[in-house]
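Chemist: Quick one: the structure is below, and I'll ask about it shortly.
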Amino acid sequence: MITVFGATGTTGAPLVETLLAKGADVRAVTSDPAKIDGLKAKGCEAVTASFTDPAALEQACAGAEKIYLVTPAHLDMRQWKANAIAAAKAAGVKHVVLATGLGASPKAGLTFGKWHSESQELLKESGLDWTFVQPTYFIQNLMWQADSIAKNGVYYDDLGGPVSWIDARDIADVAAEALTGTDHAGKGYGVTGPEALTGDEIAAVLSEVTGKPITSVTLSADEAKAAMVAGGMQDEVAAAMVELASIAPKGYLGGIETTVSDVLGRPARSFRDFVTENRDAFVQ
């Protein structure tokens, strides 16, 4: 049995699909009772659990040999992961695949790197087998702007430099291999896409695929933070996101990792592939 936390999220949802396709027994965990029936319809067990409820977390882990652990970006995410790791250990789980972020380490200088590193070190200290999946920015985040791109022909760039965007389905596939394959314990997998793109290059891809002119407009740090807070993000988390984005102009978010091809034996999905697949969302 493999327990997947965040089973309806950006990486958890495709992970459930991939694991089921591999023939794995899957228990999907969500905090939203309304999503249980949809998960069960996929052919897996489904349960509800809050990251603040240790008993529910332990029950979600009961009988599982491995778990996938991911939490939303939140001020409490370190405590949430700590609760889930403690529950996994109490339930007899052997191996935890933990989703963190590229660059997370005890030497990290950025807030998110430090937060993710704390969770990584806690898992190491737990005595459980571990694998870290450390992605960069998700290509799927582009969908947050789909309506405005379609209506206004504008892509709002809140990074200001090249980023090696990764398709969340590739993250899920790497996690699935770590959960079902061999020789993945004790490894940290930095996960990026096959190329780094600037805001102007993203706009060019959108223009070519949609056949309509799309321009890139750079957002200031204050504008980017205000937009995130308006969307419901906590102020401190939004500040950490802006801090992370601040290193993009220096090229620090544009590095390319070969993890997808190394682990899966196939190329990572490209940004253009994603835009082509979702073309209708960007055309009014």
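Following the order of the structure tokens, chains are lettered A, B, ..., residues in each are numbered from 1, and ligands are numbered from 1.
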Need to verify the contact set: A:Arg269, 8 Å, only C-alpha atoms, exclusion of same-chain residues closer than 4 positions in sequence. Can you return it as a ChimeraX atom specification?
Modeler: /A:166-167,170,193-194,273-274
Chemist: Between A:Ala281, A:Ala172, A:Ala185, A:Leu219, which has the minimum distance to A:His95 (counting only C-alpha atoms)?
Modeler: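 The shortest atom-to-atom distance to A:His95 comes from A:Ala185.
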Chemist: If you measure from atom CA of A:Gly160 to atom CA of A:Val70, what distance in Å do you get, rounded to one decimal?
Modeler: 27.3 Å
Chemist: Give me the residues within 8 Å of stretch 47-56 of chain A as a ChimeraX atom specification, counting only C-alpha atoms and dropping any in the same chain fewer than 4 places off.
Modeler: /A:27-33,36,60,80-81,83-84,87
Chemist: Which residues in stretch 190-282 of chain A does DSSP call strand (DSSP E or B)? List them as a PyMOL selection string.
Modeler: chain A and resi 190-191+197+215-218
Chemist: Those residues with C-alpha atoms, as a compact mmCIF listing (two decimals), in the first residue's frame please?
Modeler:
# COMPACT_ATOMS: atom_id res chain seq x y z
CA GLY A 190 16.40 18.00 -8.21
CA VAL A 191 13.71 18.18 -10.90
CA LEU A 197 12.78 30.45 -20.42
CA THR A 215 3.39 40.32 -24.85
CA SER A 216 5.29 39.98 -21.58
CA VAL A 217 4.89 42.60 -18.86
CA THR A 218 7.25 42.48 -15.91
Chemist: Let's see if you can do this: from backbone DSSP, list all alpha helix (DSSP H) residues in stretch 93-135 of chain A, as a PyMOL selection string.
Modeler: chain A and resi 111-125
Chemist: Figure out the distance between atom CA of A:Ala268 and atom CA of A:Glu118, please, to one decimal in Å.
Modeler: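 According to the coordinates, atom CA of A:Glu118 and atom CA of A:Ala268 are separated by 28.5 Å.
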Chemist: Please report, as JSON lines, each residue of stretch 118-145 of chain A lying at most 12 Å from stretch 240-253 of chain A, together with the nearest pair of atoms and the separation in Å rounded to one decimal; use only C-alpha atoms, and order rows by chain and ascending residue number.
Modeler:
{"residue": "A:Pro135", "atom": "CA", "partner": "A:Leu253", "partner_atom": "CA", "distance": 10.8}
{"residue": "A:Thr136", "atom": "CA", "partner": "A:Leu253", "partner_atom": "CA", "distance": 7.6}
{"residue": "A:Tyr137", "atom": "CA", "partner": "A:Leu253", "partner_atom": "CA", "distance": 8.8}
Chemist: For A:Lys114, please output as a ChimeraX atom specification all residues within 12 Å (counting only C-alpha atoms; exclusion window: fewer than 3 positions along the same chain).
Modeler: /A:78,100-111,117-121,240,244
Chemist: So that I have them on file, write out the residues from the current selection with N, CA and C atoms, as a JSON list (two decimals), in the first residue's frame.
Modeler:
[["chain", "number", "residue", "atom", "x", "y", "z"],
["A", 78, "ARG", "N", 5.91, 23.35, 7.87],
["A", 78, "ARG", "CA", 6.93, 22.55, 8.56],
["A", 78, "ARG", "C", 6.30, 21.70, 9.66],
["A", 100, "THR", "N", 9.84, 18.71, -1.71],
["A", 100, "THR", "CA", 10.30, 19.95, -1.10],
["A", 100, "THR", "C", 10.52, 20.99, -2.21],
["A", 101, "GLY", "N", 11.75, 21.44, -2.40],
["A", 101, "GLY", "CA", 12.01, 22.43, -3.43],
["A", 101, "GLY", "C", 13.47, 22.42, -3.83],
["A", 102, "LEU", "N", 13.74, 22.79, -5.06],
["A", 102, "LEU", "CA", 15.10, 22.83, -5.57],
["A", 102, "LEU", "C", 15.95, 23.79, -4.74],
["A", 103, "GLY", "N", 17.09, 23.32, -4.30],
["A", 103, "GLY", "CA", 17.98, 24.16, -3.50],
["A", 103, "GLY", "C", 17.80, 24.02, -2.00],
["A", 104, "ALA", "N", 16.86, 23.19, -1.57],
["A", 104, "ALA", "CA", 16.66, 23.00, -0.14],
["A", 104, "ALA", "C", 17.84, 22.25, 0.46],
["A", 105, "SER", "N", 18.47, 22.83, 1.46],
["A", 105, "SER", "CA", 19.60, 22.19, 2.13],
["A", 105, "SER", "C", 19.90, 22.98, 3.40],
["A", 106, "PRO", "N", 20.68, 22.39, 4.32],
["A", 106, "PRO", "CA", 21.02, 23.14, 5.54],
["A", 106, "PRO", "C", 21.79, 24.42, 5.25],
["A", 107, "LYS", "N", 22.38, 24.53, 4.07],
["A", 107, "LYS", "CA", 23.14, 25.73, 3.70],
["A", 107, "LYS", "C", 22.29, 26.75, 2.94],
["A", 108, "ALA", "N", 21.01, 26.48, 2.76],
["A", 108, "ALA", "CA", 20.15, 27.37, 1.96],
["A", 108, "ALA", "C", 20.11, 28.76, 2.56],
["A", 109, "GLY", "N", 20.15, 29.76, 1.67],
["A", 109, "GLY", "CA", 20.11, 31.14, 2.13],
["A", 109, "GLY", "C", 18.74, 31.78, 2.03],
["A", 110, "LEU", "N", 17.81, 31.12, 1.32],
["A", 110, "LEU", "CA", 16.48, 31.66, 1.11],
["A", 110, "LEU", "C", 15.48, 31.03, 2.08],
["A", 111, "THR", "N", 14.42, 31.76, 2.35],
["A", 111, "THR", "CA", 13.42, 31.30, 3.33],
["A", 111, "THR", "C", 12.86, 29.93, 2.97],
["A", 117, "SER", "N", 14.40, 22.60, 4.06],
["A", 117, "SER", "CA", 15.52, 21.88, 4.64],
["A", 117, "SER", "C", 15.19, 21.36, 6.03],
["A", 118, "GLU", "N", 14.47, 22.15, 6.82],
["A", 118, "GLU", "CA", 14.09, 21.69, 8.15],
["A", 118, "GLU", "C", 13.30, 20.39, 8.08],
["A", 119, "SER", "N", 12.38, 20.31, 7.11],
["A", 119, "SER", "CA", 11.57, 19.10, 6.97],
["A", 119, "SER", "C", 12.43, 17.93, 6.48],
["A", 120, "GLN", "N", 13.35, 18.21, 5.57],
["A", 120, "GLN", "CA", 14.23, 17.16, 5.07],
["A", 120, "GLN", "C", 15.09, 16.59, 6.20],
["A", 121, "GLU", "N", 15.66, 17.46, 7.02],
["A", 121, "GLU", "CA", 16.51, 17.01, 8.12],
["A", 121, "GLU", "C", 15.70, 16.24, 9.16],
["A", 240, "ALA", "N", 8.18, 35.28, 0.99],
["A", 240, "ALA", "CA", 9.17, 34.24, 0.68],
["A", 240, "ALA", "C", 9.18, 33.92, -0.82],
["A", 244, "LEU", "N", 12.33, 34.36, -3.37],
["A", 244, "LEU", "CA", 12.78, 33.32, -4.30],
["A", 244, "LEU", "C", 12.87, 33.86, -5.72]]
Chemist: What is the distance, in Å and to one decimal place, between atom CA of A:Asn278 and atom CA of A:Arg266?
Modeler: 21.5 Å
Chemist: Please provide as a PyMOL selection string all residues within 12 Å of A:Asn152, with the sequence filter that same-chain residues fewer than 6 positions apart are discarded (counting only C-alpha atoms).
Modeler: chain A and resi 145-146+212-217+282-284
Chemist: Would you mind exporting the chosen residues as a short mmCIF file (atom, residue, chain, number, x, y, z; two decimals), in the first residue's frame, restricted to N, CA, C and O atoms?
Modeler:
data_model
loop_
_atom_site.label_atom_id
_atom_site.label_comp_id
_atom_site.auth_asym_id
_atom_site.auth_seq_id
_atom_site.Cartn_x
_atom_site.Cartn_y
_atom_site.Cartn_z
N GLN A 145 -2.93 32.30 -15.12
CA GLN A 145 -3.04 33.49 -15.97
C GLN A 145 -3.80 33.22 -17.27
O GLN A 145 -3.88 34.11 -18.12
N ALA A 146 -4.34 32.04 -17.44
CA ALA A 146 -4.93 31.66 -18.72
C ALA A 146 -6.01 32.65 -19.17
O ALA A 146 -6.05 33.07 -20.34
N LYS A 212 -1.80 34.34 -31.90
CA LYS A 212 -2.18 35.70 -31.56
C LYS A 212 -1.02 36.35 -30.81
O LYS A 212 -0.25 35.65 -30.12
N PRO A 213 -0.86 37.66 -30.94
CA PRO A 213 0.27 38.31 -30.27
C PRO A 213 0.10 38.35 -28.75
O PRO A 213 -0.91 38.82 -28.24
N ILE A 214 1.10 37.81 -28.05
CA ILE A 214 1.12 37.85 -26.59
C ILE A 214 2.38 38.60 -26.18
O ILE A 214 3.48 38.29 -26.65
N THR A 215 2.24 39.58 -25.34
CA THR A 215 3.39 40.32 -24.85
C THR A 215 3.66 39.99 -23.39
O THR A 215 2.77 39.54 -22.66
N SER A 216 4.89 40.21 -22.97
CA SER A 216 5.29 39.98 -21.58
C SER A 216 5.42 41.31 -20.86
O SER A 216 6.07 42.24 -21.36
N VAL A 217 4.80 41.40 -19.70
CA VAL A 217 4.89 42.60 -18.86
C VAL A 217 5.48 42.19 -17.53
O VAL A 217 4.96 41.29 -16.85
N PHE A 282 -5.86 29.44 -23.69
CA PHE A 282 -5.20 30.72 -23.88
C PHE A 282 -5.77 31.51 -25.06
O PHE A 282 -5.23 32.53 -25.46
N VAL A 283 -6.87 31.00 -25.61
CA VAL A 283 -7.50 31.65 -26.76
C VAL A 283 -8.93 31.97 -26.39
O VAL A 283 -9.71 31.10 -26.02
N GLN A 284 -9.32 33.23 -26.51
CA GLN A 284 -10.68 33.64 -26.12
C GLN A 284 -11.70 33.26 -27.20
O GLN A 284 -11.41 33.42 -28.37
#
Chemist: Determine, counting only C-alpha atoms, which protein, DNA and RNA residues have an atom within 7 Å of an atom of A:Leu179; residues of the same chain fewer than 4 positions away are not included. Present the result as a ChimeraX atom specification.
Modeler: /A:66,97,175
Chemist: List the spatial neighbours of A:Ala204 as a PyMOL selection string - criterion: any atom at most 12 Å away, only C-alpha atoms, same-chain residues fewer than 2 positions off excluded.
Modeler: chain A and resi 153-155+197-202+206-216+271-272+275
